[in-house]
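**Q** Quick one, run03.txt (compact mmCIF, C-alpha atoms (C1' of nucleotides)):
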```txt
# COMPACT_ATOMS: atom_id res chain seq x y z
CA MET A 1415 81.68 86.17 38.20
CA ALA A 1416 85.04 85.48 36.66
CA ILE A 1417 86.53 85.25 40.10
CA ARG A 1418 87.34 81.63 40.76
CA ASN A 1419 86.28 80.42 44.16
CA ARG A 1420 89.59 79.45 45.69
CA LYS A 1421 87.86 77.19 48.15
CA GLU A 1422 86.63 74.97 45.40
CA SER A 1423 89.58 74.73 43.09
CA GLY A 1424 92.63 75.71 45.15
CA THR A 1425 95.36 73.55 46.47
CA ALA A 1426 94.12 73.67 50.06
CA GLU A 1427 90.86 72.08 49.00
CA ARG A 1428 92.55 69.48 46.84
CA VAL A 1429 94.70 68.54 49.81
CA LEU A 1430 91.51 67.92 51.76
CA ASP A 1431 90.07 65.82 48.94
CA ILE A 1432 93.08 63.50 48.98
CA ALA A 1433 93.40 63.43 52.76
CA GLU A 1434 89.69 62.67 53.05
CA ARG A 1435 89.91 59.69 50.75
CA LEU A 1436 93.04 58.37 52.48
CA THR A 1437 91.42 58.78 55.88
CA GLN A 1438 88.23 57.00 54.87
CA VAL A 1439 90.14 54.12 53.32
CA ARG A 1440 93.16 53.71 55.56
CA GLY A 1441 92.48 55.81 58.64
CA PHE A 1442 93.91 59.12 59.76
CA ASN A 1443 97.06 57.59 61.24
CA ASN A 1444 97.82 55.46 58.23
CA PHE A 1445 98.76 58.01 55.62
CA SER A 1446 101.51 60.60 55.60
CA TYR A 1447 102.12 64.10 54.34
CA ALA A 1448 104.37 62.44 51.77
CA ASP A 1449 101.42 60.43 50.40
CA ILE A 1450 99.41 63.59 49.80
CA ALA A 1451 102.38 65.53 48.46
CA THR A 1452 103.26 62.83 45.93
CA GLU A 1453 99.71 62.53 44.69
CA LEU A 1454 99.30 66.30 44.40
CA GLY A 1455 102.69 66.84 42.81
CA ILE A 1456 103.92 69.35 45.37
CA THR A 1457 106.32 69.03 48.29
CA LYS A 1458 105.63 68.18 51.90
CA ALA A 1459 106.79 71.65 52.89
CA SER A 1460 104.03 73.20 50.79
CA LEU A 1461 101.48 71.14 52.66
CA HIS A 1462 102.73 72.63 55.90
CA TYR A 1463 102.09 76.04 54.40
CA HIS A 1464 98.41 75.22 53.96
CA TYR A 1465 98.01 73.16 57.12
CA PRO A 1466 100.70 73.80 59.76
CA GLY A 1467 100.38 70.33 61.25
CA LYS A 1468 98.50 67.11 60.84
CA ALA A 1469 96.17 68.05 63.69
CA GLU A 1470 95.03 71.17 61.81
CA LEU A 1471 94.60 69.17 58.63
CA GLY A 1472 92.53 66.65 60.53
CA GLN A 1473 90.29 69.27 62.01
CA ALA A 1474 89.71 70.88 58.62
CA LEU A 1475 88.87 67.43 57.33
CA ILE A 1476 86.15 66.76 59.90
CA THR A 1477 84.75 70.26 59.70
CA ARG A 1478 84.24 70.01 55.95
CA TYR A 1479 82.88 66.47 56.20
CA THR A 1480 80.37 67.46 58.88
CA GLU A 1481 79.27 70.52 56.89
CA ARG A 1482 78.63 68.44 53.81
CA PHE A 1483 76.79 65.81 55.80
CA ASP A 1484 74.60 68.50 57.34
CA GLN A 1485 73.82 69.80 53.87
CA ALA A 1486 72.83 66.32 52.77
CA LEU A 1487 70.48 66.04 55.75
CA ASP A 1488 68.94 69.39 54.89
CA GLU A 1489 68.33 68.22 51.35
CA ILE A 1490 66.66 65.05 52.61
CA ASP A 1491 64.45 67.15 54.85
CA ARG A 1492 63.45 69.38 51.97
CA ALA A 1493 63.01 66.76 49.27
CA LEU A 1494 61.21 63.90 50.99
CA PRO A 1495 57.63 63.76 52.20
CA ASP A 1496 57.51 61.40 55.16
CA ALA A 1497 59.77 60.21 57.95
CA ARG A 1498 60.18 56.71 56.61
CA ALA A 1499 61.41 57.95 53.25
CA LYS A 1500 63.86 60.22 55.06
CA LEU A 1501 65.21 57.32 57.07
CA GLU A 1502 65.66 55.27 53.92
CA ALA A 1503 67.49 58.15 52.27
CA TYR A 1504 69.69 58.44 55.34
CA ALA A 1505 70.66 54.78 55.11
CA ASP A 1506 71.34 55.28 51.42
CA LEU A 1507 73.73 58.10 52.29
CA TYR A 1508 75.81 55.50 54.10
CA ALA A 1509 75.48 53.00 51.29
CA GLY A 1510 76.82 55.64 48.91
CA VAL A 1511 79.96 56.03 50.98
CA LEU A 1512 80.45 52.29 51.01
CA ARG A 1513 79.94 52.13 47.25
CA ASN A 1514 83.08 54.25 46.93
CA GLU A 1515 84.91 51.63 48.98
CA ARG A 1516 85.14 54.04 51.84
CA MET A 1517 84.16 53.98 55.47
CA CYS A 1518 82.27 56.82 57.15
CA MET A 1519 84.99 59.27 58.16
CA CYS A 1520 83.74 59.67 61.70
CA GLY A 1521 83.28 55.93 62.01
CA ILE A 1522 86.89 55.27 61.19
CA LEU A 1523 87.97 58.16 63.41
CA ALA A 1524 85.96 56.62 66.23
CA ALA A 1525 88.08 53.50 65.87
CA GLU A 1526 91.22 55.62 66.13
CA TYR A 1527 89.71 57.85 68.77
CA PRO A 1528 92.25 57.47 71.62
CA THR A 1529 95.12 58.34 69.26
CA LEU A 1530 93.56 61.51 67.82
CA PRO A 1531 94.41 65.10 68.78
CA ALA A 1532 91.90 66.51 71.28
CA THR A 1533 90.51 68.98 68.74
CA MET A 1534 89.57 66.15 66.42
CA GLN A 1535 88.09 64.06 69.19
CA SER A 1536 85.47 66.63 70.09
CA GLU A 1537 84.56 67.13 66.43
CA VAL A 1538 83.92 63.41 66.03
CA VAL A 1539 81.57 63.42 68.99
CA ARG A 1540 79.83 66.48 67.60
CA PHE A 1541 79.24 64.65 64.32
CA PHE A 1542 77.57 61.77 66.10
CA ASP A 1543 75.53 64.13 68.27
CA GLU A 1544 74.21 66.04 65.28
CA ASN A 1545 73.32 62.86 63.43
CA GLN A 1546 71.45 61.50 66.42
CA LYS A 1547 69.61 64.75 66.90
CA TRP A 1548 68.48 64.67 63.29
CA LEU A 1549 67.51 61.00 63.55
CA ALA A 1550 65.56 61.60 66.75
CA GLY A 1551 63.65 64.34 64.94
CA VAL A 1552 62.80 62.02 62.07
CA LEU A 1553 61.69 59.32 64.49
CA THR A 1554 59.39 61.69 66.34
CA GLU A 1555 57.99 62.85 63.03
CA GLY A 1556 57.53 59.24 61.94
CA LYS A 1557 55.54 58.39 65.05
CA ALA A 1558 53.32 61.37 64.37
CA ASP A 1559 52.75 60.72 60.66
CA GLY A 1560 52.41 56.98 61.22
CA THR A 1561 55.21 55.90 58.88
CA LEU A 1562 57.46 54.65 61.68
CA SER A 1563 56.91 52.72 64.88
CA TYR A 1564 59.22 52.09 67.83
CA ARG A 1565 59.24 51.66 71.57
CA GLY A 1566 61.24 53.76 74.03
CA ARG A 1567 62.76 57.20 73.68
CA ALA A 1568 63.45 58.55 70.21
CA GLU A 1569 67.00 59.47 71.34
CA ASP A 1570 67.78 55.87 72.26
CA VAL A 1571 66.41 54.54 68.99
CA ALA A 1572 68.40 57.19 67.13
CA GLN A 1573 71.59 55.98 68.84
CA SER A 1574 70.77 52.47 67.89
CA ILE A 1575 70.19 53.36 64.23
CA LEU A 1576 73.46 55.25 64.01
CA SER A 1577 75.33 52.37 65.64
CA THR A 1578 73.81 49.81 63.31
CA LEU A 1579 74.67 51.74 60.16
CA GLU A 1580 78.23 52.51 61.28
CA GLY A 1581 78.70 48.88 62.28
CA ALA A 1582 77.25 47.60 59.04
CA MET A 1583 79.74 49.69 57.07
CA LEU A 1584 82.59 48.55 59.26
CA VAL A 1585 81.81 44.87 58.86
CA ALA A 1586 80.79 45.04 55.19
CA ARG A 1587 84.04 46.58 54.00
CA PRO A 1588 86.32 43.58 54.61
CA TYR A 1589 83.91 41.53 52.52
CA GLY A 1590 83.83 44.18 49.80
CA ASP A 1591 80.16 43.33 49.73
CA LEU A 1592 77.49 45.98 49.49
CA ALA A 1593 74.72 43.39 49.85
CA ARG A 1594 75.96 42.78 53.36
CA PHE A 1595 75.30 46.39 54.27
CA ASP A 1596 71.94 46.38 52.58
CA ALA A 1597 70.83 43.34 54.54
CA ALA A 1598 71.58 45.08 57.82
CA ALA A 1599 69.91 48.29 56.69
CA LYS A 1600 66.81 46.43 55.52
CA GLN A 1601 66.63 44.56 58.81
CA LEU A 1602 66.89 47.88 60.64
CA LEU A 1603 64.09 49.47 58.64
CA ALA A 1604 61.92 46.38 59.07
CA GLY A 1605 62.19 46.74 62.85
CA LEU A 1606 60.77 50.26 62.59
CA THR A 1607 57.86 49.39 60.32
CA PRO A 1608 54.42 49.89 61.90
CA MET B 681 101.23 18.72 86.96
CA ALA B 682 104.30 20.67 87.94
CA ILE B 683 104.97 21.47 84.33
CA ARG B 684 104.11 25.07 83.79
CA ASN B 685 102.24 25.65 80.60
CA ARG B 686 104.55 27.98 78.72
CA LYS B 687 101.68 29.23 76.67
CA GLU B 688 99.96 30.63 79.70
CA SER B 689 102.76 32.16 81.72
CA GLY B 690 105.70 32.66 79.37
CA THR B 691 106.94 35.79 77.76
CA ALA B 692 105.38 34.97 74.39
CA GLU B 693 101.96 34.96 75.98
CA ARG B 694 102.60 38.11 77.97
CA VAL B 695 103.63 39.82 74.74
CA LEU B 696 100.26 38.85 73.31
CA ASP B 697 98.47 40.20 76.40
CA ILE B 698 100.05 43.60 75.98
CA ALA B 699 99.74 43.67 72.20
CA GLU B 700 96.10 42.66 72.51
CA ARG B 701 95.28 45.50 74.85
CA LEU B 702 97.18 48.02 72.72
CA THR B 703 95.42 46.79 69.59
CA GLN B 704 91.98 46.97 71.13
CA VAL B 705 92.58 50.45 72.49
CA ARG B 706 94.69 52.13 69.81
CA GLY B 707 94.58 49.83 66.80
CA PHE B 708 97.18 47.48 65.35
CA ASN B 709 99.02 50.22 63.47
CA ASN B 710 99.18 52.58 66.41
CA PHE B 711 101.55 50.81 68.76
CA SER B 712 105.12 49.76 68.28
CA TYR B 713 107.47 46.97 69.29
CA ALA B 714 109.09 49.57 71.54
CA ASP B 715 105.80 50.06 73.42
CA ILE B 716 105.53 46.37 74.20
CA ALA B 717 109.22 46.02 75.04
CA THR B 718 109.15 48.94 77.49
CA GLU B 719 106.07 47.65 79.26
CA LEU B 720 107.43 44.13 79.49
CA GLY B 721 110.90 45.22 80.55
CA ILE B 722 112.74 43.46 77.74
CA THR B 723 114.29 44.74 74.51
CA LYS B 724 112.76 45.02 71.07
CA ALA B 725 115.24 42.44 69.81
CA SER B 726 113.83 39.89 72.24
CA LEU B 727 110.37 40.47 70.85
CA HIS B 728 111.66 39.57 67.42
CA TYR B 729 112.86 36.29 68.91
CA HIS B 730 109.30 35.39 69.88
CA TYR B 731 107.56 36.93 66.88
CA PRO B 732 109.83 37.49 63.86
CA GLY B 733 107.73 40.36 62.54
CA LYS B 734 104.69 42.41 63.33
CA ALA B 735 102.63 40.43 60.82
CA GLU B 736 103.33 37.21 62.73
CA LEU B 737 102.51 38.89 66.02
CA GLY B 738 99.27 40.13 64.54
CA GLN B 739 98.28 36.72 63.31
CA ALA B 740 98.99 35.15 66.70
CA LEU B 741 96.89 37.90 68.22
CA ILE B 742 93.80 37.16 66.13
CA THR B 743 94.20 33.42 66.41
CA ARG B 744 94.21 33.53 70.20
CA TYR B 745 91.38 36.05 70.29
CA THR B 746 89.22 33.93 68.00
CA GLU B 747 89.96 30.78 70.01
CA ARG B 748 88.93 32.45 73.25
CA PHE B 749 85.82 33.88 71.67
CA ASP B 750 84.88 30.44 70.39
CA GLN B 751 85.32 29.05 73.87
CA ALA B 752 83.06 31.74 75.27
CA LEU B 753 80.41 30.82 72.71
CA ASP B 754 80.70 27.15 73.67
CA GLU B 755 80.18 28.05 77.29
CA ILE B 756 77.11 30.08 76.45
CA ASP B 757 75.76 27.11 74.49
CA ARG B 758 76.35 24.78 77.41
CA ALA B 759 75.20 27.02 80.25
CA LEU B 760 72.07 28.70 78.95
CA PRO B 761 68.69 27.16 78.32
CA ASP B 762 67.05 29.07 75.51
CA ALA B 763 68.03 31.06 72.44
CA ARG B 764 67.02 34.41 73.83
CA ALA B 765 69.19 33.99 76.93
CA LYS B 766 72.07 33.02 74.65
CA LEU B 767 71.64 36.13 72.57
CA GLU B 768 71.57 38.28 75.70
CA ALA B 769 74.75 36.61 76.92
CA TYR B 770 76.33 37.23 73.52
CA ALA B 771 75.56 40.96 73.75
CA ASP B 772 76.95 40.95 77.27
CA LEU B 773 80.18 39.49 75.92
CA TYR B 774 80.57 42.67 73.91
CA ALA B 775 79.56 44.86 76.84
CA GLY B 776 82.31 43.21 78.87
CA VAL B 777 84.92 44.21 76.31
CA LEU B 778 83.64 47.77 76.35
CA ARG B 779 83.70 47.82 80.17
CA ASN B 780 87.48 47.38 79.89
CA GLU B 781 87.55 50.47 77.69
CA ARG B 782 88.41 48.31 74.73
CA MET B 783 86.96 47.79 71.30
CA CYS B 784 86.32 44.34 69.82
CA MET B 785 89.66 43.36 68.30
CA CYS B 786 88.22 42.31 64.98
CA GLY B 787 86.07 45.42 64.89
CA ILE B 788 89.07 47.68 65.16
CA LEU B 789 90.98 45.52 62.71
CA ALA B 790 88.07 45.86 60.29
CA ALA B 791 88.56 49.62 60.43
CA GLU B 792 92.26 49.15 59.61
CA TYR B 793 91.53 46.37 57.14
CA PRO B 794 93.14 47.76 53.96
CA THR B 795 96.42 48.38 55.79
CA LEU B 796 96.72 44.91 57.36
CA PRO B 797 98.94 42.06 56.15
CA ALA B 798 96.99 39.58 54.01
CA THR B 799 97.28 36.82 56.63
CA MET B 800 95.54 39.01 59.19
CA GLN B 801 92.87 40.09 56.76
CA SER B 802 91.58 36.58 56.17
CA GLU B 803 91.58 35.87 59.91
CA VAL B 804 89.40 38.90 60.54
CA VAL B 805 86.88 37.70 57.99
CA ARG B 806 86.97 34.24 59.52
CA PHE B 807 86.13 35.72 62.93
CA PHE B 808 83.08 37.45 61.55
CA ASP B 809 82.02 34.34 59.62
CA GLU B 810 82.18 32.16 62.72
CA ASN B 811 80.25 34.64 64.79
CA GLN B 812 77.54 34.91 62.20
CA LYS B 813 77.31 31.16 61.89
CA TRP B 814 76.84 30.85 65.62
CA LEU B 815 74.29 33.65 65.68
CA ALA B 816 72.36 32.12 62.80
CA GLY B 817 72.20 28.87 64.79
CA VAL B 818 70.86 30.66 67.84
CA LEU B 819 68.29 32.48 65.73
CA THR B 820 67.04 29.25 64.17
CA GLU B 821 66.88 27.70 67.60
CA GLY B 822 65.00 30.74 68.89
CA LYS B 823 62.40 30.50 66.19
CA ALA B 824 61.89 26.84 67.10
CA ASP B 825 61.69 27.31 70.87
CA GLY B 826 59.61 30.45 70.51
CA THR B 827 61.93 32.78 72.41
CA LEU B 828 62.91 34.81 69.34
CA SER B 829 61.05 36.16 66.35
CA TYR B 830 62.32 37.65 63.11
CA ARG B 831 61.55 37.92 59.44
CA GLY B 832 63.85 36.87 56.61
CA ARG B 833 66.80 34.52 56.57
CA ALA B 834 68.59 33.75 59.85
CA GLU B 835 71.92 34.50 58.13
CA ASP B 836 70.84 38.03 57.24
CA VAL B 837 69.55 38.72 60.73
CA ALA B 838 72.79 37.34 62.16
CA GLN B 839 74.75 39.78 60.01
CA SER B 840 72.59 42.58 61.22
CA ILE B 841 73.07 41.66 64.88
CA LEU B 842 76.84 41.47 64.50
CA SER B 843 76.90 44.82 62.72
CA THR B 844 74.78 46.50 65.34
CA LEU B 845 76.90 45.29 68.24
CA GLU B 846 80.18 46.18 66.55
CA GLY B 847 78.81 49.59 65.63
CA ALA B 848 77.44 50.19 69.10
CA MET B 849 80.89 49.52 70.57
CA LEU B 850 82.53 51.76 68.01
CA VAL B 851 80.25 54.70 68.66
CA ALA B 852 79.98 54.22 72.44
CA ARG B 853 83.72 54.36 73.06
CA PRO B 854 84.27 58.05 72.21
CA TYR B 855 81.54 58.86 74.73
CA GLY B 856 83.10 56.57 77.33
CA ASP B 857 79.51 55.64 78.01
CA LEU B 858 78.43 52.09 78.56
CA ALA B 859 74.77 53.11 78.73
CA ARG B 860 75.02 54.08 75.10
CA PHE B 861 75.94 50.54 74.18
CA ASP B 862 73.24 49.08 76.38
CA ALA B 863 70.59 51.22 74.74
CA ALA B 864 71.52 49.91 71.30
CA ALA B 865 71.70 46.31 72.57
CA LYS B 866 68.34 46.60 74.27
CA GLN B 867 66.80 48.06 71.13
CA LEU B 868 68.24 45.17 69.16
CA LEU B 869 66.83 42.54 71.50
CA ALA B 870 63.44 44.28 71.55
CA GLY B 871 63.27 43.94 67.77
CA LEU B 872 63.67 40.18 68.11
CA THR B 873 61.06 39.72 70.82
CA PRO B 874 58.05 37.66 69.78
C1' DC C 1139 127.39 20.67 76.02
C1' DG C 1140 123.31 22.66 73.67
C1' DC C 1141 119.60 25.26 73.47
C1' DA C 1142 116.22 28.83 74.99
C1' DA C 1143 115.82 33.37 76.08
C1' DC C 1144 117.61 37.07 76.40
C1' DC C 1145 121.12 41.13 75.44
C1' DT C 1146 123.99 45.22 73.00
C1' DA C 1147 124.58 47.70 69.22
C1' DC C 1148 123.47 48.65 65.27
C1' DC C 1149 120.84 49.68 60.33
C1' DT C 1150 117.60 51.57 57.11
C1' DC C 1151 113.55 53.76 56.10
C1' DC C 1152 109.91 56.82 57.10
C1' DT C 1153 107.63 60.28 60.03
C1' DA C 1154 106.19 65.16 61.02
C1' DG C 1155 108.08 69.29 61.09
C1' DT C 1156 111.50 73.48 60.22
C1' DA C 1157 114.66 77.05 58.18
C1' DG C 1158 115.29 79.87 54.82
C1' DG C 1159 114.73 81.20 50.05
C1' DT C 1160 112.22 82.62 45.60
C1' DA C 1161 109.08 83.75 41.57
C1' DG C 1162 105.37 86.24 40.66
C1' DA C 1163 101.09 88.53 41.60
C1' DC C 1164 98.91 92.36 44.22
C1' DT C 1165 98.63 96.97 46.50
C1' DG C 1166 99.49 101.61 47.90
C1' DT C 1167 101.91 105.93 47.15
C1' DC C 1168 103.97 109.58 44.74
C1' DG D 462 102.83 104.62 35.35
C1' DA D 463 106.60 103.27 38.19
C1' DC D 464 108.53 101.72 42.13
C1' DA D 465 108.48 99.66 47.02
C1' DG D 466 106.64 96.73 49.90
C1' DT D 467 103.96 92.86 50.84
C1' DC D 468 101.62 88.50 50.19
C1' DT D 469 100.84 83.82 48.16
C1' DA D 470 102.34 79.60 47.05
C1' DC D 471 105.56 77.17 46.34
C1' DC D 472 110.71 75.30 46.58
C1' DT D 473 115.40 72.86 48.45
C1' DA D 474 117.59 71.01 52.12
C1' DC D 475 117.54 69.73 56.49
C1' DT D 476 116.41 67.91 61.44
C1' DA D 477 115.15 64.73 65.33
C1' DG D 478 112.91 60.93 66.43
C1' DG D 479 110.62 56.63 65.85
C1' DA D 480 109.39 52.62 63.08
C1' DG D 481 110.48 47.60 62.10
C1' DG D 482 114.22 44.70 61.72
C1' DT D 483 119.11 42.29 62.07
C1' DA D 484 123.82 40.38 63.45
C1' DG D 485 126.03 38.44 66.70
C1' DG D 486 127.22 37.95 71.60
C1' DT D 487 125.89 36.42 76.63
C1' DT D 488 123.68 33.93 80.27
C1' DG D 489 121.63 30.26 82.72
C1' DC D 490 119.50 25.85 82.97
C1' DG D 491 118.58 20.76 82.06
```
As structure tokens, please, write out the structure in this file.
**A**
Amino acid sequence: MAIRNRKESGTAERVLDIAERLTQVRGFNNFSYADIATELGITKASLHYHYPGKAELGQALITRYTERFDQALDEIDRALPDARAKLEAYADLYAGVLRNERMCMCGILAAEYPTLPATMQSEVVRFFDENQKWLAGVLTEGKADGTLSYRGRAEDVAQSILSTLEGAMLVARPYGDLARFDAAAKQLLAGLTP
Amino acid sequence: MAIRNRKESGTAERVLDIAERLTQVRGFNNFSYADIATELGITKASLHYHYPGKAELGQALITRYTERFDQALDEIDRALPDARAKLEAYADLYAGVLRNERMCMCGILAAEYPTLPATMQSEVVRFFDENQKWLAGVLTEGKADGTLSYRGRAEDVAQSILSTLEGAMLVARPYGDLARFDAAAKQLLAGLTP
DNA sequence: CGCAACCTACCTCCTAGTAGGTAGACTGTC
DNA sequence: GACAGTCTACCTACTAGGAGGTAGGTTGCG
């Protein structure tokens, strides 16, 4: 296959790479088309060719992010034996984002939520929903295989886990301190240990 | 005392009221001097009389917020008998903010952290530090009076509690669902029950 | 008077977005 | 194989509007 996959090497995708980083570091409202254009070495007008408006760019951003996250969850499901190991890998997914001095994209978009275009808002909620669904599945599995223990509905515990990890990222970033995140994650896991 | 406390009824304070609400709903970068001026019925130029720049306004915002939060913590300390009740009241402090469809100010500022003026950045960290210090005190007290139980250092658990509550607010807001926050808070408390 | 608290009238810079054009690669037809 | 038409990916040059901020004047009160 000599045909280059445009999706992986083309300008449109490189725009997303830059916009993704800027969003995760500064937030969706705190970078401009000019920032991307300068970094890419093209003009603002060319950006509008690829993404007619910032709303469309934003939607493409979340869609790709969610897809990749889903893939990562699939890989965890395939690679790891028990529910507890899956949960640890999930927390490490978040730690990895923080290691790059970024915040979870949907976490930062949640902070900006009321200012986002409607299309982006529903995608953010969908991201959280999917994560919680996956987590609830892992929790149910963990109760069955005996590697996890909790009281109440799996859905509620899943919400709580998601909240804790998003919050831990949020608070850890101003400190620039990964240990801070790890402490919260460890505490979380400890609370689910049989 | 016929002397009206300017700090409580004057324009400067009303500016802070509006800026505070706008910050907690939309973020510090997502409102303008014009927004405040329009709502207050004065001109932008007058705002600059009270707060020379947005950085100064922002600092005044955090300072007042932190002061009030500290007062609330003092009241909890005075009014409530045991550590567990204090912790519940602390979580309810957050729920109250969410009930007003707001996010914790320092939580939303943490999301915007890299874009904030340096003076505001250190105030945000100070807010978190003070909260964690207070929480660590309550946790130590709870271990002594037998109303709370946890493993590891009180400081680490305090970090974890703060993260969970901030995260629960962050995630609950897009859903406009207070129950979502309560579920996470309840889960948190359950994990600290002896 | 003197000062606090406002005002009008501006400025500069940055924002997303648009209009219209172009080089060059691709495609279909004779 | 050549030419016409079309498409992709960019460009220059521009717009309206909004951001924070400033200079200097006015008003009313102790």
**Q** Quick one: what's the axis-aligned box for region 1594-1605 of chain A, all listed atoms, 8 Å on every side, centre and edges in Å to one decimal, as AutoDock Vina command-line options?
**A**
```
--center_x 68.9 --center_y 46.1 --center_z 57.7 --size_x 30.0 --size_y 22.7 --size_z 26.3
```
**Q** For Phe1542 (chain A), work out the shell of residues within 10 Å, counting all atoms listed in the file and skipping chain neighbours fewer than 3 positions away, then give it as number ranges by chain.
**A** A: 1480, 1520-1521, 1524, 1537-1539, 1545-1548, 1573, 1576-1577; B: 851, 854-855
**Q** Selection from above, C-alpha atoms, as an mmCIF file, keeping the file's coordinate frame, can you write it?
**A**
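After the write, result.cif holds the following:
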```
data_model
loop_
_atom_site.group_PDB
_atom_site.id
_atom_site.type_symbol
_atom_site.label_atom_id
_atom_site.label_comp_id
_atom_site.auth_asym_id
_atom_site.auth_seq_id
_atom_site.Cartn_x
_atom_site.Cartn_y
_atom_site.Cartn_z
ATOM 1 C CA THR A 1480 80.370 67.460 58.880
ATOM 2 C CA CYS A 1520 83.740 59.670 61.700
ATOM 3 C CA GLY A 1521 83.280 55.930 62.010
ATOM 4 C CA ALA A 1524 85.960 56.620 66.230
ATOM 5 C CA GLU A 1537 84.560 67.130 66.430
ATOM 6 C CA VAL A 1538 83.920 63.410 66.030
ATOM 7 C CA VAL A 1539 81.570 63.420 68.990
ATOM 8 C CA ASN A 1545 73.320 62.860 63.430
ATOM 9 C CA GLN A 1546 71.450 61.500 66.420
ATOM 10 C CA LYS A 1547 69.610 64.750 66.900
ATOM 11 C CA TRP A 1548 68.480 64.670 63.290
ATOM 12 C CA GLN A 1573 71.590 55.980 68.840
ATOM 13 C CA LEU A 1576 73.460 55.250 64.010
ATOM 14 C CA SER A 1577 75.330 52.370 65.640
ATOM 15 C CA VAL B 851 80.250 54.700 68.660
ATOM 16 C CA PRO B 854 84.270 58.050 72.210
ATOM 17 C CA TYR B 855 81.540 58.860 74.730
#
```
**Q** Provide as a PDB file with C-alpha atoms, keeping the file's coordinate frame the residues of chain B at most 6 Å from chain A, counting all atoms listed in the file.
**A**
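Writing done, so here's selection_23.pdb:
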```pdb
ATOM      1  CA  ILE B 788      89.070  47.680  65.160  1.00  0.00           C
ATOM      2  CA  ALA B 791      88.560  49.620  60.430  1.00  0.00           C
ATOM      3  CA  ASP B 836      70.840  38.030  57.240  1.00  0.00           C
ATOM      4  CA  SER B 840      72.590  42.580  61.220  1.00  0.00           C
ATOM      5  CA  SER B 843      76.900  44.820  62.720  1.00  0.00           C
ATOM      6  CA  THR B 844      74.780  46.500  65.340  1.00  0.00           C
ATOM      7  CA  GLU B 846      80.180  46.180  66.550  1.00  0.00           C
ATOM      8  CA  GLY B 847      78.810  49.590  65.630  1.00  0.00           C
ATOM      9  CA  ALA B 848      77.440  50.190  69.100  1.00  0.00           C
ATOM     10  CA  ALA B 863      70.590  51.220  74.740  1.00  0.00           C
ATOM     11  CA  ALA B 864      71.520  49.910  71.300  1.00  0.00           C
ATOM     12  CA  GLY B 871      63.270  43.940  67.770  1.00  0.00           C
TER      13      GLY B 871
END
```
**Q** Taking only C-alpha atoms (C1' of nucleotides) into account, what are the residues of chain A at most 8 Å from chain C, put as a PyMOL selection string?
**A** chain A and resi 1446-1447+1467-1468
**Q** Return as a ChimeraX atom specification the residues belonging to chain D that are within 9 Å of chain B, counting only C-alpha atoms (C1' of nucleotides).
**A** /D:480-483
**Q** Record the distance separating CA of Pro874 (chain B) and CA of Thr827 (chain B), expressed in Å with one decimal.
**A**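 Computing it gives 6.8 Å between the two atoms.
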**Q** If I take C1' of DC471 (chain D) and CA of Ser1460 (chain A), how far is one from the other in Å, to one decimal?
**A**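 Straight-line distance from C1' of DC471 (chain D) to CA of Ser1460 (chain A) works out to 6.2 Å.
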